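Source file protein11.cif; content: mmCIF, C-alpha atoms and all ligand atoms.
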data_model
loop_
_atom_site.label_atom_id
_atom_site.label_comp_id
_atom_site.auth_asym_id
_atom_site.auth_seq_id
_atom_site.Cartn_x
_atom_site.Cartn_y
_atom_site.Cartn_z
CA MET D 8 -35.45 -75.23 26.46
CA ARG D 9 -35.60 -71.63 25.39
CA GLU D 10 -35.36 -68.88 27.93
CA GLU D 11 -36.06 -65.20 27.77
CA ALA D 12 -33.18 -63.09 28.95
CA GLU D 13 -32.40 -59.43 28.92
CA VAL D 14 -29.18 -57.77 27.91
CA ILE D 15 -28.02 -54.19 27.80
CA CYS D 16 -27.13 -53.06 24.32
CA PRO D 17 -23.50 -51.86 24.34
CA ALA D 18 -24.28 -49.22 21.73
CA CYS D 19 -27.50 -47.55 22.94
CA HIS D 20 -27.60 -48.94 26.51
CA GLU D 21 -31.24 -49.96 26.18
CA SER D 22 -32.35 -53.16 27.81
CA ILE D 23 -33.36 -55.56 25.06
CA PRO D 24 -34.98 -58.99 25.22
CA LEU D 25 -33.03 -61.96 23.96
CA THR D 26 -34.06 -65.59 23.60
CA VAL D 27 -31.34 -68.03 24.60
CA ASP D 28 -31.20 -71.79 24.55
CA PRO D 29 -28.84 -72.89 27.38
CA ASP D 30 -29.55 -76.57 26.63
CA LYS D 31 -27.39 -76.29 23.57
CA GLY D 32 -24.39 -75.20 25.65
CA SER D 33 -22.06 -72.23 25.41
CA LYS D 34 -21.93 -70.34 22.19
CA THR D 35 -21.17 -66.95 20.69
CA TRP D 36 -23.13 -65.27 17.97
CA VAL D 37 -23.91 -61.85 16.56
CA GLU D 38 -27.27 -60.29 17.25
CA GLU D 39 -28.72 -57.00 16.11
CA CYS D 40 -30.10 -54.62 18.70
CA CYS D 41 -33.87 -54.24 18.19
CA VAL D 42 -33.65 -50.60 19.29
CA CYS D 43 -30.65 -49.11 17.49
CA ASP D 44 -29.88 -51.92 14.98
CA SER D 45 -26.23 -52.05 16.03
CA PRO D 46 -24.67 -55.47 15.84
CA MET D 47 -23.32 -56.94 19.06
CA THR D 48 -21.49 -60.10 19.95
CA VAL D 49 -23.50 -62.21 22.39
CA ARG D 50 -21.60 -64.77 24.41
CA LEU D 51 -23.60 -67.39 26.26
CA LEU D 52 -21.66 -69.34 28.86
CA VAL D 53 -23.29 -72.41 30.37
CA ASP D 54 -21.61 -74.20 33.29
CA GLU D 55 -22.11 -77.83 34.46
CA ASP D 56 -25.05 -76.89 36.69
CA GLU D 57 -26.75 -75.45 33.64
CA GLU D 58 -26.41 -72.00 35.10
CA TYR D 59 -25.75 -69.54 32.37
CA THR D 60 -24.37 -66.07 31.98
CA ILE D 61 -24.70 -63.81 28.98
CA SER D 62 -22.26 -61.11 28.07
CA VAL D 63 -22.55 -58.72 25.17
CA LYS D 64 -19.87 -56.79 23.42
CA GLU D 65 -20.03 -54.15 20.77
CA VAL D 66 -18.93 -55.35 17.36
CA VAL D 67 -16.13 -53.02 16.43
CA GLU D 68 -15.62 -52.38 12.78
CA ALA D 69 -12.18 -53.40 11.71
CA VAL D 70 -10.12 -50.24 11.55
CA ASP D 71 -6.77 -50.54 9.90
CA ASP D 72 -4.80 -48.31 12.21
CA ALA D 73 -1.90 -50.65 11.50
CA GLU D 74 -1.58 -48.64 8.33
CA GLY D 75 -0.47 -45.67 10.43
CA GLY D 76 -3.71 -43.75 10.45
CA ASP D 77 -3.88 -40.01 10.14
CA ILE D 78 -3.30 -37.95 13.26
CA LEU D 79 -5.47 -34.99 12.56
CA GLU D 80 -5.08 -31.86 14.61
CA GLU D 81 -7.52 -28.97 14.57
CA THR D 82 -5.84 -25.61 14.76
CA LYS D 83 -6.63 -21.99 13.98
CA VAL D 84 -4.58 -19.66 11.85
CA THR D 85 -4.92 -16.04 10.84
CA CYS D 86 -5.35 -15.55 7.13
CA PRO D 87 -2.52 -13.30 5.89
CA ALA D 88 -4.82 -11.74 3.30
CA CYS D 89 -8.05 -10.95 5.15
CA TRP D 90 -6.88 -11.37 8.78
CA GLU D 91 -9.78 -13.61 9.65
CA ILE D 92 -9.09 -16.48 12.01
CA ILE D 93 -9.83 -19.65 10.13
CA PRO D 94 -9.85 -23.29 11.27
CA LEU D 95 -7.28 -25.58 9.72
CA THR D 96 -6.91 -29.32 10.01
CA ILE D 97 -3.36 -30.58 9.78
CA ASP D 98 -2.21 -34.18 9.48
CA LEU D 99 0.62 -34.64 11.99
CA SER D 100 1.31 -38.17 10.74
CA ALA D 101 2.47 -36.66 7.45
CA GLY D 102 5.27 -34.87 9.29
CA SER D 103 6.65 -31.43 8.53
CA GLN D 104 5.27 -30.08 5.29
CA THR D 105 4.57 -26.95 3.31
CA TYR D 106 1.48 -26.69 1.20
CA SER D 107 -0.94 -24.26 -0.27
CA GLU D 108 -4.42 -23.77 1.15
CA ASP D 109 -7.25 -21.44 0.17
CA CYS D 110 -8.65 -19.26 2.94
CA SER D 111 -12.19 -20.37 3.79
CA VAL D 112 -13.26 -16.74 4.15
CA CYS D 113 -11.62 -14.78 1.32
CA CYS D 114 -10.59 -17.77 -0.86
CA ARG D 115 -7.11 -16.34 -1.42
CA PRO D 116 -4.30 -18.87 -1.38
CA MET D 117 -1.80 -18.95 1.45
CA THR D 118 1.26 -21.02 2.14
CA VAL D 119 0.91 -23.22 5.21
CA ARG D 120 4.15 -24.35 6.82
CA VAL D 121 3.78 -27.17 9.33
CA TRP D 122 6.65 -28.29 11.49
CA VAL D 123 6.22 -31.52 13.44
CA SER D 124 8.77 -32.89 15.91
CA ASP D 125 10.02 -36.44 15.39
CA ASP D 126 7.90 -37.87 18.21
CA LEU D 127 4.86 -35.92 16.87
CA ASP D 128 4.45 -34.32 20.31
CA GLU D 129 5.10 -30.79 19.20
CA HIS D 130 4.08 -28.89 16.15
CA THR D 131 3.94 -25.34 14.90
CA VAL D 132 1.94 -23.89 12.05
CA ASP D 133 2.89 -20.77 10.13
CA VAL D 134 0.98 -19.18 7.32
CA GLU D 135 2.07 -16.57 4.86
CA ALA D 136 0.55 -14.90 1.86
CA GLU D 137 1.27 -16.69 -1.36
CA SER D 138 3.54 -14.60 -3.52
CA ASP D 139 2.32 -14.06 -7.06
ZN ZN Q 1 -28.96 -50.68 20.78
ZN ZN Q 2 -8.65 -14.86 4.05
#
Give the structure from this file in structure tokens form.
Amino acid sequence: MREEAEVICPACHESIPLTVDPDKGSKTWVEECCVCDSPMTVRLLVDEDEEYTISVKEVVEAVDDAEGGDILEETKVTCPACWEIIPLTIDLSAGSQTYSEDCSVCCRPMTVRVWVSDDLDEHTVDVEAESD
């Protein structure tokens, strides 16, 4: 016997209708939200009295943070050429490094020196004009 149930979408939090068939017992499947199209895992649990509960869970895309994902930090530096304050994104997971970056305002190159402590808790950023 099919029954109409309602679940709350874990992505958009809208209440969406769902047809379940508790006669077939407990099962888990993936359903797409009819409002936001996000996939969700639906788990139907049927007990001996044929009472059932439905739980939904957001399907999380597999992220390979096992690979040691980037730890990006937004910071602001003063361009040594035009003295504008420009945003800079540094990758703390790459550790201490020195590289060359073009100012987003005046496009002149500058040397960016990033120091990162071993536990990645502290970091400092220095910039200086690139010598010709
Ligand atoms: Zn949704
Ligand atoms: Zn500049």
Enumerate, in order of chain and increasing residue number, the residues of chain D with an atom no farther than 8 Å from ligand ZN 2 (chain Q), each with its shortest atom pair and distance in Å to one decimal, counting all atoms listed in the file, as JSON lines.
{"residue": "D:Thr85", "atom": "CA", "partner": "Q:ZN2", "partner_atom": "ZN", "distance": 7.8}
{"residue": "D:Cys86", "atom": "CA", "partner": "Q:ZN2", "partner_atom": "ZN", "distance": 4.6}
{"residue": "D:Pro87", "atom": "CA", "partner": "Q:ZN2", "partner_atom": "ZN", "distance": 6.6}
{"residue": "D:Ala88", "atom": "CA", "partner": "Q:ZN2", "partner_atom": "ZN", "distance": 5.0}
{"residue": "D:Cys89", "atom": "CA", "partner": "Q:ZN2", "partner_atom": "ZN", "distance": 4.1}
{"residue": "D:Trp90", "atom": "CA", "partner": "Q:ZN2", "partner_atom": "ZN", "distance": 6.1}
{"residue": "D:Glu91", "atom": "CA", "partner": "Q:ZN2", "partner_atom": "ZN", "distance": 5.8}
{"residue": "D:Ile93", "atom": "CA", "partner": "Q:ZN2", "partner_atom": "ZN", "distance": 7.8}
{"residue": "D:Asp109", "atom": "CA", "partner": "Q:ZN2", "partner_atom": "ZN", "distance": 7.8}
{"residue": "D:Cys110", "atom": "CA", "partner": "Q:ZN2", "partner_atom": "ZN", "distance": 4.5}
{"residue": "D:Ser111", "atom": "CA", "partner": "Q:ZN2", "partner_atom": "ZN", "distance": 6.6}
{"residue": "D:Val112", "atom": "CA", "partner": "Q:ZN2", "partner_atom": "ZN", "distance": 5.0}
{"residue": "D:Cys113", "atom": "CA", "partner": "Q:ZN2", "partner_atom": "ZN", "distance": 4.0}
{"residue": "D:Cys114", "atom": "CA", "partner": "Q:ZN2", "partner_atom": "ZN", "distance": 6.0}
{"residue": "D:Arg115", "atom": "CA", "partner": "Q:ZN2", "partner_atom": "ZN", "distance": 5.9}
Protein and nucleic residues near ligand ZN 1 (chain Q), 9 Å, only C-alpha atoms and all ligand atoms, as a list in words: Ile15, Cys16, Pro17, Ala18, Cys19, His20, Glu21, Ser22, Ile23, Glu39, Cys40, Cys41, Val42, Cys43, Asp44, Ser45, Pro46 and Met47 of chain D
Selection: 8 Å around Leu51 (chain D), only C-alpha atoms, excl. self and same-chain fewer than 6 positions, as an NGL selection string: :D and (27 or 29 or 32-35 or 59-62)
Nearest candidate to Asp126 (chain D) (options D:Ser103, D:Ser138, D:Thr48, D:Thr26; using only C-alpha atoms): D:Ser103
Draw an axis-aligned box tight on the listed atoms of region 41-55 of chain D, then pad every side by 5 Å and write out centre and edge lengths in Å to one decimal as JSON.
{"center_x": -27.7, "center_y": -63.5, "center_z": 24.7, "size_x": 22.4, "size_y": 38.7, "size_z": 29.5}
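If only C-alpha atoms are the atoms counted, then among D:Asp28, D:Glu38, D:Glu13, D:Glu137 the closest residue to Val66 (chain D) is D:Glu38.
Take CA of Thr96 (chain D) and CA of Val67 (chain D): the distance between them is 26.2 Å.
Among the candidate residues D:Glu135, D:Ala101, D:Glu80, D:Val14, the one lying nearest to Val49 (chain D) is D:Val14, with distances computed using only C-alpha atoms.
When CA of Glu81 (chain D) is paired with CA of Ser100 (chain D), their separation reads 13.3 Å.
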CA of Ile92 (chain D) to CA of Leu127 (chain D), straight-line distance in Å: 24.4 Å
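Considering all atoms listed in the file, the residue among D:Asp56, D:Leu25, D:Lys64, D:Gly102 positioned nearest to Asp77 (chain D) is D:Gly102.
Minimum atom-to-atom distances from D:Ile78, D:Val84, D:Val132, D:Val37 to Gln104 (chain D) were compared using all atoms listed in the file, and the lowest value belongs to D:Val132.
Minimum atom-to-atom distances from D:Leu99, D:Glu55, D:Trp36, D:Met8 to His130 (chain D) were compared using only C-alpha atoms, and the lowest value belongs to D:Leu99.
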